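Asker: Following this line is start-v7.cif, made up of mmCIF, C-alpha atoms:
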data_target
#
loop_
_atom_site.label_atom_id
_atom_site.label_comp_id
_atom_site.auth_asym_id
_atom_site.auth_seq_id
_atom_site.Cartn_x
_atom_site.Cartn_y
_atom_site.Cartn_z
CA MET A 18 -21.59 3.40 -1.43
CA ASP A 19 -20.38 6.88 -2.29
CA LYS A 20 -18.89 7.56 1.14
CA LYS A 21 -16.18 9.97 2.25
CA TYR A 22 -14.90 7.84 5.15
CA MET A 23 -14.14 4.14 4.75
CA LEU A 24 -13.36 2.02 7.79
CA PHE A 25 -11.59 -1.26 7.06
CA ASP A 26 -11.20 -4.30 9.23
CA LEU A 27 -7.67 -5.74 9.05
CA ASP A 28 -7.67 -9.54 9.47
CA GLY A 29 -9.56 -11.24 6.66
CA THR A 30 -10.23 -7.96 4.88
CA LEU A 31 -6.89 -6.34 4.03
CA THR A 32 -4.63 -9.28 4.84
CA ASP A 33 -4.91 -13.04 5.20
CA PRO A 34 -3.54 -13.77 8.71
CA GLN A 35 -4.50 -17.44 8.85
CA GLU A 36 -1.03 -18.90 9.38
CA GLY A 37 0.03 -16.49 12.09
CA ILE A 38 -3.20 -16.48 14.07
CA THR A 39 -3.76 -20.24 14.00
CA ASN A 40 -0.14 -20.93 14.92
CA SER A 41 -0.43 -18.49 17.82
CA VAL A 42 -3.70 -20.01 19.05
CA ALA A 43 -2.25 -23.53 18.77
CA TYR A 44 0.80 -22.41 20.79
CA ALA A 45 -1.44 -20.98 23.52
CA LEU A 46 -3.60 -24.11 23.69
CA GLU A 47 -0.51 -26.30 23.97
CA GLN A 48 0.26 -24.54 27.27
CA TYR A 49 -2.94 -26.08 28.61
CA GLY A 50 -2.29 -29.55 27.23
CA ILE A 51 -4.59 -29.08 24.22
CA HIS A 52 -2.99 -30.23 20.96
CA VAL A 53 -4.59 -29.16 17.69
CA GLU A 54 -3.48 -31.22 14.69
CA ASP A 55 -5.61 -29.52 12.04
CA ARG A 56 -4.86 -25.79 12.26
CA SER A 57 -7.74 -24.95 9.90
CA THR A 58 -10.14 -25.76 12.75
CA LEU A 59 -8.79 -22.63 14.44
CA ASN A 60 -9.89 -20.33 11.62
CA LYS A 61 -12.87 -19.40 13.79
CA PHE A 62 -10.43 -17.37 15.92
CA ILE A 63 -9.79 -15.00 13.02
CA GLY A 64 -11.78 -11.81 13.57
CA PRO A 65 -13.52 -12.01 16.96
CA PRO A 66 -11.88 -10.86 20.20
CA LEU A 67 -9.47 -13.59 21.33
CA LYS A 68 -10.68 -13.81 24.93
CA ASP A 69 -14.24 -14.39 23.79
CA SER A 70 -13.10 -17.13 21.41
CA PHE A 71 -11.12 -19.03 24.07
CA MET A 72 -14.20 -18.92 26.28
CA GLU A 73 -16.66 -19.89 23.55
CA TYR A 74 -14.73 -22.61 21.77
CA TYR A 75 -12.71 -24.16 24.59
CA GLY A 76 -14.84 -23.38 27.62
CA PHE A 77 -12.15 -21.33 29.38
CA ALA A 78 -13.22 -19.31 32.39
CA GLU A 79 -12.66 -15.57 31.98
CA ASP A 80 -9.42 -15.46 33.98
CA ARG A 81 -7.96 -18.42 32.09
CA ALA A 82 -9.06 -16.91 28.77
CA GLU A 83 -7.26 -13.67 29.65
CA GLU A 84 -4.15 -15.68 30.50
CA ALA A 85 -4.46 -17.59 27.21
CA VAL A 86 -4.45 -14.30 25.30
CA TRP A 87 -1.06 -13.49 26.81
CA LYS A 88 0.19 -16.99 25.93
CA TYR A 89 -1.02 -16.34 22.37
CA ARG A 90 0.97 -13.12 22.29
CA GLU A 91 4.19 -14.89 23.30
CA TYR A 92 4.21 -16.52 19.87
CA PHE A 93 2.40 -13.81 17.92
CA ASN A 94 4.67 -10.96 19.00
CA GLU A 95 7.80 -12.66 17.66
CA ASP A 96 6.65 -14.85 14.77
CA GLY A 97 2.91 -14.94 14.14
CA ILE A 98 2.52 -11.23 13.48
CA PHE A 99 4.27 -11.48 10.11
CA GLU A 100 2.99 -14.95 9.12
CA ASN A 101 0.55 -13.00 7.03
CA LYS A 102 -0.03 -11.83 3.46
CA VAL A 103 -1.87 -9.01 1.71
CA TYR A 104 -4.81 -10.03 -0.45
CA PRO A 105 -4.02 -9.48 -4.14
CA GLY A 106 -5.45 -6.23 -5.45
CA ILE A 107 -5.77 -4.52 -2.06
CA PRO A 108 -2.90 -1.99 -2.48
CA GLN A 109 -4.14 -0.97 -5.93
CA MET A 110 -7.68 -0.49 -4.62
CA LEU A 111 -6.48 1.59 -1.66
CA GLN A 112 -4.40 3.78 -3.97
CA ARG A 113 -7.41 4.43 -6.20
CA LEU A 114 -9.52 5.35 -3.19
CA ASN A 115 -6.80 7.76 -2.02
CA ASP A 116 -6.68 9.26 -5.49
CA GLN A 117 -10.42 9.95 -5.26
CA GLY A 118 -9.95 11.78 -1.98
CA LYS A 119 -11.49 9.12 0.25
CA ILE A 120 -10.35 9.04 3.89
CA LEU A 121 -9.38 5.51 4.89
CA ILE A 122 -9.23 4.26 8.48
CA VAL A 123 -8.37 0.85 9.90
CA ALA A 124 -10.76 -0.30 12.64
CA THR A 125 -9.69 -3.66 14.06
CA SER A 126 -10.17 -5.69 17.24
CA LYS A 127 -6.45 -6.47 17.08
CA PRO A 128 -4.31 -4.33 19.42
CA THR A 129 -3.43 -1.05 17.71
CA VAL A 130 0.28 -1.61 18.24
CA TYR A 131 0.13 -4.89 16.29
CA ALA A 132 -2.05 -3.45 13.54
CA LYS A 133 0.41 -0.61 12.94
CA ARG A 134 3.36 -3.01 12.76
CA ILE A 135 1.55 -5.18 10.21
CA LEU A 136 0.52 -2.23 8.05
CA GLU A 137 4.06 -0.87 8.08
CA ARG A 138 5.61 -4.25 7.28
CA PHE A 139 3.39 -4.71 4.23
CA GLU A 140 3.57 -1.03 3.22
CA LEU A 141 -0.16 -0.45 3.62
CA ASN A 142 0.20 2.28 6.26
CA GLN A 143 0.69 4.92 3.58
CA TYR A 144 -2.94 4.61 2.50
CA PHE A 145 -4.57 5.17 5.89
CA ALA A 146 -5.27 8.41 7.71
CA ASP A 147 -5.66 6.59 11.02
CA VAL A 148 -5.40 3.16 12.65
CA GLN A 149 -7.54 2.24 15.65
CA GLY A 150 -7.77 -1.06 17.48
CA SER A 151 -7.92 -2.50 20.97
CA GLU A 152 -5.54 -1.93 23.87
CA MET A 153 -3.11 -4.57 25.14
CA ASP A 154 -4.81 -4.53 28.55
CA GLY A 155 -8.09 -5.74 27.04
CA ARG A 156 -9.84 -2.41 26.68
CA ARG A 157 -11.83 -1.62 23.51
CA THR A 158 -11.97 -5.15 22.07
CA LYS A 159 -15.61 -5.08 20.99
CA LYS A 160 -15.99 -3.93 17.40
CA GLU A 161 -18.58 -1.29 18.15
CA GLU A 162 -16.17 0.24 20.69
CA VAL A 163 -13.39 0.36 18.11
CA ILE A 164 -15.65 1.87 15.44
CA SER A 165 -17.07 4.45 17.85
CA TYR A 166 -13.58 5.42 18.98
CA ALA A 167 -12.36 5.72 15.38
CA LEU A 168 -15.28 7.99 14.52
CA GLU A 169 -14.60 10.13 17.57
CA GLN A 170 -10.85 10.40 16.97
CA ASN A 171 -11.40 11.44 13.37
CA GLN A 172 -14.20 13.86 14.26
CA ILE A 173 -16.69 12.08 12.01
CA THR A 174 -20.14 13.30 13.03
CA ASP A 175 -22.13 12.51 9.89
CA ASN A 176 -22.34 8.73 10.04
CA GLU A 177 -24.08 8.63 6.67
CA GLN A 178 -20.73 9.58 5.16
CA ALA A 179 -18.99 6.50 6.61
CA VAL A 180 -19.02 2.76 5.86
CA MET A 181 -17.52 -0.24 7.67
CA ILE A 182 -15.95 -3.00 5.58
CA GLY A 183 -15.17 -6.40 7.09
CA ASP A 184 -15.41 -10.16 6.76
CA ARG A 185 -17.12 -11.24 10.00
CA GLU A 186 -20.42 -10.62 11.74
CA HIS A 187 -18.68 -8.56 14.42
CA ASP A 188 -17.83 -5.95 11.78
CA ILE A 189 -21.41 -5.76 10.56
CA ILE A 190 -23.03 -5.77 13.99
CA GLY A 191 -20.54 -3.17 15.23
CA ALA A 192 -21.33 -0.95 12.25
CA LYS A 193 -25.08 -1.20 12.91
CA LYS A 194 -24.64 -0.29 16.58
CA CYS A 195 -22.73 2.81 15.48
CA GLY A 196 -25.24 3.78 12.78
CA LEU A 197 -22.98 2.97 9.81
CA ASP A 198 -23.67 1.18 6.57
CA SER A 199 -21.63 -1.99 6.14
CA ILE A 200 -20.07 -4.15 3.45
CA GLY A 201 -19.28 -7.80 4.07
CA VAL A 202 -16.47 -9.43 2.10
CA LEU A 203 -16.41 -13.15 1.28
CA PHE A 204 -12.70 -13.43 0.49
CA GLY A 205 -12.05 -13.43 4.25
CA TYR A 206 -13.32 -15.85 6.90
CA GLY A 207 -17.03 -15.15 7.16
CA SER A 208 -19.67 -16.99 5.13
CA ARG A 209 -22.47 -15.46 3.09
CA GLU A 210 -24.92 -16.93 5.58
CA GLU A 211 -23.11 -15.23 8.47
CA LEU A 212 -22.88 -11.83 6.78
CA ASP A 213 -26.39 -11.92 5.37
CA GLY A 214 -27.79 -13.13 8.67
CA CYS A 215 -26.44 -10.16 10.61
CA GLY A 216 -27.71 -7.68 8.06
CA ALA A 217 -24.78 -6.54 5.90
CA ASP A 218 -25.98 -3.81 3.55
CA GLN A 219 -23.83 -5.20 0.72
CA ILE A 220 -21.87 -8.43 0.30
CA VAL A 221 -19.06 -8.88 -2.23
CA ASP A 222 -17.18 -12.00 -3.28
CA THR A 223 -13.85 -10.55 -4.41
CA VAL A 224 -11.51 -7.60 -3.99
CA LYS A 225 -12.43 -6.53 -7.53
CA MET A 226 -16.13 -6.49 -6.66
CA LEU A 227 -15.34 -4.42 -3.55
CA GLU A 228 -13.36 -1.96 -5.63
CA ASP A 229 -16.17 -1.67 -8.17
CA LEU A 230 -18.63 -0.97 -5.35
CA LEU A 231 -16.48 1.66 -3.64
CA ILE A 232 -15.15 3.46 -6.68
CA ARG A 233 -17.63 5.23 -8.90
#
What would the structure in this file look like if it were written as structure tokens?

Answerer:
Amino acid sequence: MDKKYMLFDLDGTLTDPQEGITNSVAYALEQYGIHVEDRSTLNKFIGPPLKDSFMEYYGFAEDRAEEAVWKYREYFNEDGIFENKVYPGIPQMLQRLNDQGKILIVATSKPTVYAKRILERFELNQYFADVQGSEMDGRRTKKEEVISYALEQNQITDNEQAVMIGDREHDIIGAKKCGLDSIGVLFGYGSREELDGCGADQIVDTVKMLEDLLIR
């Protein structure tokens, strides 16, 4: 994995957003009379586009799912966004990659405006040359769209020099559709079965294993 460009997912890869995302989803569901006692059952919302998850897991029609996303944001924008924590070892790994001249980019399905606020709050923004995500109006939520846009914006034409790193199948599938190698991480919210099943080129258990793979 001696690559020049390294694209990182945010949720479940750089930070653990469980508390903020599940609280925000629970808040949105409450607006429709759905009470969730065990917030861990909402972990499946971490990673995929929110609208798709409301439709898949709660049977919402598309228009209601779009409305639910805005309900989610009512809580997330004020509180949930910073109910989050950086995985131990991530800043040190990013610094070492910078020191080796690697170009780091965040590619997330989360709206870009939120991603930038999170990175700034946890002082991770200093390590990244660019941050790309979705738009608040619902554009560019699919992972392959985000990856493709990030490649275009950073004028990356040799895809063999880039790798996508993430914790869910959407990261791996998106990478494949864009012609990139991929690394699945198990310290996030995807299982080995999920990442192996969608064809991750490498799978690592820990931040240390990821660092050992990326830094030669």

Asker: How close does segment 49-116 of chain A get to segment 195-205 of chain A? List, as a Markdown table, each residue of segment 49-116 of chain A within 10 Å, its nearest atom pair and the distance in Å to one decimal, counting only C-alpha atoms.

Answerer:
| residue | atom | partner | partner_atom | distance |
| --- | --- | --- | --- | --- |
| A:Ile63 | CA | A:Gly205 | CA | 9.2 |
| A:Gly64 | CA | A:Gly205 | CA | 9.5 |
| A:Tyr104 | CA | A:Phe204 | CA | 8.6 |

Asker: So what do you get for atom CA of Phe139 of chain A versus atom CA of Lys102 of chain A, distance-wise?

Answerer: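 That distance, rounded to one decimal, is 7.9 Å.
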
Asker: Quote the spacing between atom CA of Lys20 of chain A and atom CA of Asn142 of chain A in Å to one decimal place.

Answerer: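 If I compute the distance from atom CA of Lys20 of chain A to atom CA of Asn142 of chain A, I get 20.5 Å.
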
Asker: Fewer than 3 positions away in the same chain doesn't count, so skip those; otherwise give me all residues within 12 Å of Phe99 of chain A, counting only C-alpha atoms, as a list in words.

Answerer: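 The neighbour list is Thr32, Asp33, Pro34, Gln35, Glu36, Gly37, Ile38, Asn40, Ser41, Tyr92, Phe93, Asn94, Glu95, Asp96, Lys102, Val103, Tyr131, Ala132, Lys133, Arg134, Ile135, Leu136, Glu137, Arg138 and Phe139 of chain A.
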
Asker: Generate the output file for the selected residues, C-alpha atoms, as a tab-separated table (two decimals), keeping the file's coordinate frame.

Answerer:
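Saved the output as again.tsv:
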chain	number	residue	atom	x	y	z
A	32	THR	CA	-4.63	-9.28	4.84
A	33	ASP	CA	-4.91	-13.04	5.20
A	34	PRO	CA	-3.54	-13.77	8.71
A	35	GLN	CA	-4.50	-17.44	8.85
A	36	GLU	CA	-1.03	-18.90	9.38
A	37	GLY	CA	0.03	-16.49	12.09
A	38	ILE	CA	-3.20	-16.48	14.07
A	40	ASN	CA	-0.14	-20.93	14.92
A	41	SER	CA	-0.43	-18.49	17.82
A	92	TYR	CA	4.21	-16.52	19.87
A	93	PHE	CA	2.40	-13.81	17.92
A	94	ASN	CA	4.67	-10.96	19.00
A	95	GLU	CA	7.80	-12.66	17.66
A	96	ASP	CA	6.65	-14.85	14.77
A	102	LYS	CA	-0.03	-11.83	3.46
A	103	VAL	CA	-1.87	-9.01	1.71
A	131	TYR	CA	0.13	-4.89	16.29
A	132	ALA	CA	-2.05	-3.45	13.54
A	133	LYS	CA	0.41	-0.61	12.94
A	134	ARG	CA	3.36	-3.01	12.76
A	135	ILE	CA	1.55	-5.18	10.21
A	136	LEU	CA	0.52	-2.23	8.05
A	137	GLU	CA	4.06	-0.87	8.08
A	138	ARG	CA	5.61	-4.25	7.28
A	139	PHE	CA	3.39	-4.71	4.23

Asker: Atom CA of Leu111 of chain A to atom CA of Thr125 of chain A: how many Å, to one decimal?

Answerer: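 Separating atom CA of Leu111 of chain A from atom CA of Thr125 of chain A is a distance of 16.9 Å.
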
Asker: Would you pick out the contacts of Ala43 of chain A at 8 Å or less, using all atoms listed in the file, so that residues sharing its chain but fewer than 3 positions from it are not included, and give the list as a PyMOL selection string?

Answerer: chain A and resi 39-40+46-47+52-53+56+59

Asker: Write the residues you've just listed into a file as a PDB file, in the coordinates of the input, and include C-alpha atoms for each of them.

Answerer:
ATOM      1  CA  THR A  39      -3.760 -20.240  14.000  1.00  0.00           C
ATOM      2  CA  ASN A  40      -0.140 -20.930  14.920  1.00  0.00           C
ATOM      3  CA  LEU A  46      -3.600 -24.110  23.690  1.00  0.00           C
ATOM      4  CA  GLU A  47      -0.510 -26.300  23.970  1.00  0.00           C
ATOM      5  CA  HIS A  52      -2.990 -30.230  20.960  1.00  0.00           C
ATOM      6  CA  VAL A  53      -4.590 -29.160  17.690  1.00  0.00           C
ATOM      7  CA  ARG A  56      -4.860 -25.790  12.260  1.00  0.00           C
ATOM      8  CA  LEU A  59      -8.790 -22.630  14.440  1.00  0.00           C
TER       9      LEU A  59
END

Asker: Taking the file as shown, what set of residues would the PyMOL selection byres ((chain A and resi 127) around 12) give back, as a ChimeraX atom specification?

Answerer: /A:26-29,34,38,62-68,86,90,93,98,123-126,128-135,148-160,163

Asker: Ile232 of chain A: which residues within 7 Å, counting all atoms listed in the file, same-chain residues fewer than 3 positions away excluded, as JSON, numbers by chain?

Answerer: {"A": [114, 228, 229]}

Asker: Compare A:Asp222, A:Glu186, A:Glu162, A:Asp175 by their minimum atom-to-atom distance to Gly207 of chain A, counting all atoms listed in the file, and give me the closest one.

Answerer: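 Using all atoms listed in the file, the shortest distance to Gly207 of chain A belongs to A:Glu186.
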
Asker: Can you give me, as a ChimeraX atom specification, the residues this file yields under the PyMOL selection byres ((chain A and resi 22) around 12)?

Answerer: /A:18-21,23-25,114-115,117-124,145-147,164,167-168,171-182,197-199,231

Asker: Report as a list in words the residues that result from applying the PyMOL selection byres ((chain A and resi 85) around 9) to the structure here.

Answerer: Val42, Ala45, Leu46, Gln48, Tyr49, Leu67, Lys68, Phe71, Phe77, Asp80, Arg81, Ala82, Glu83, Glu84, Val86, Trp87, Lys88, Tyr89 and Arg90 of chain A

Asker: Create the file for the chosen residues now, containing C-alpha atoms and written as a PDB file, in the frame of the given file.

Answerer:
ATOM      1  CA  VAL A  42      -3.700 -20.010  19.050  1.00  0.00           C
ATOM      2  CA  ALA A  45      -1.440 -20.980  23.520  1.00  0.00           C
ATOM      3  CA  LEU A  46      -3.600 -24.110  23.690  1.00  0.00           C
ATOM      4  CA  GLN A  48       0.260 -24.540  27.270  1.00  0.00           C
ATOM      5  CA  TYR A  49      -2.940 -26.080  28.610  1.00  0.00           C
ATOM      6  CA  LEU A  67      -9.470 -13.590  21.330  1.00  0.00           C
ATOM      7  CA  LYS A  68     -10.680 -13.810  24.930  1.00  0.00           C
ATOM      8  CA  PHE A  71     -11.120 -19.030  24.070  1.00  0.00           C
ATOM      9  CA  PHE A  77     -12.150 -21.330  29.380  1.00  0.00           C
ATOM     10  CA  ASP A  80      -9.420 -15.460  33.980  1.00  0.00           C
ATOM     11  CA  ARG A  81      -7.960 -18.420  32.090  1.00  0.00           C
ATOM     12  CA  ALA A  82      -9.060 -16.910  28.770  1.00  0.00           C
ATOM     13  CA  GLU A  83      -7.260 -13.670  29.650  1.00  0.00           C
ATOM     14  CA  GLU A  84      -4.150 -15.680  30.500  1.00  0.00           C
ATOM     15  CA  VAL A  86      -4.450 -14.300  25.300  1.00  0.00           C
ATOM     16  CA  TRP A  87      -1.060 -13.490  26.810  1.00  0.00           C
ATOM     17  CA  LYS A  88       0.190 -16.990  25.930  1.00  0.00           C
ATOM     18  CA  TYR A  89      -1.020 -16.340  22.370  1.00  0.00           C
ATOM     19  CA  ARG A  90       0.970 -13.120  22.290  1.00  0.00           C
TER      20      ARG A  90
END
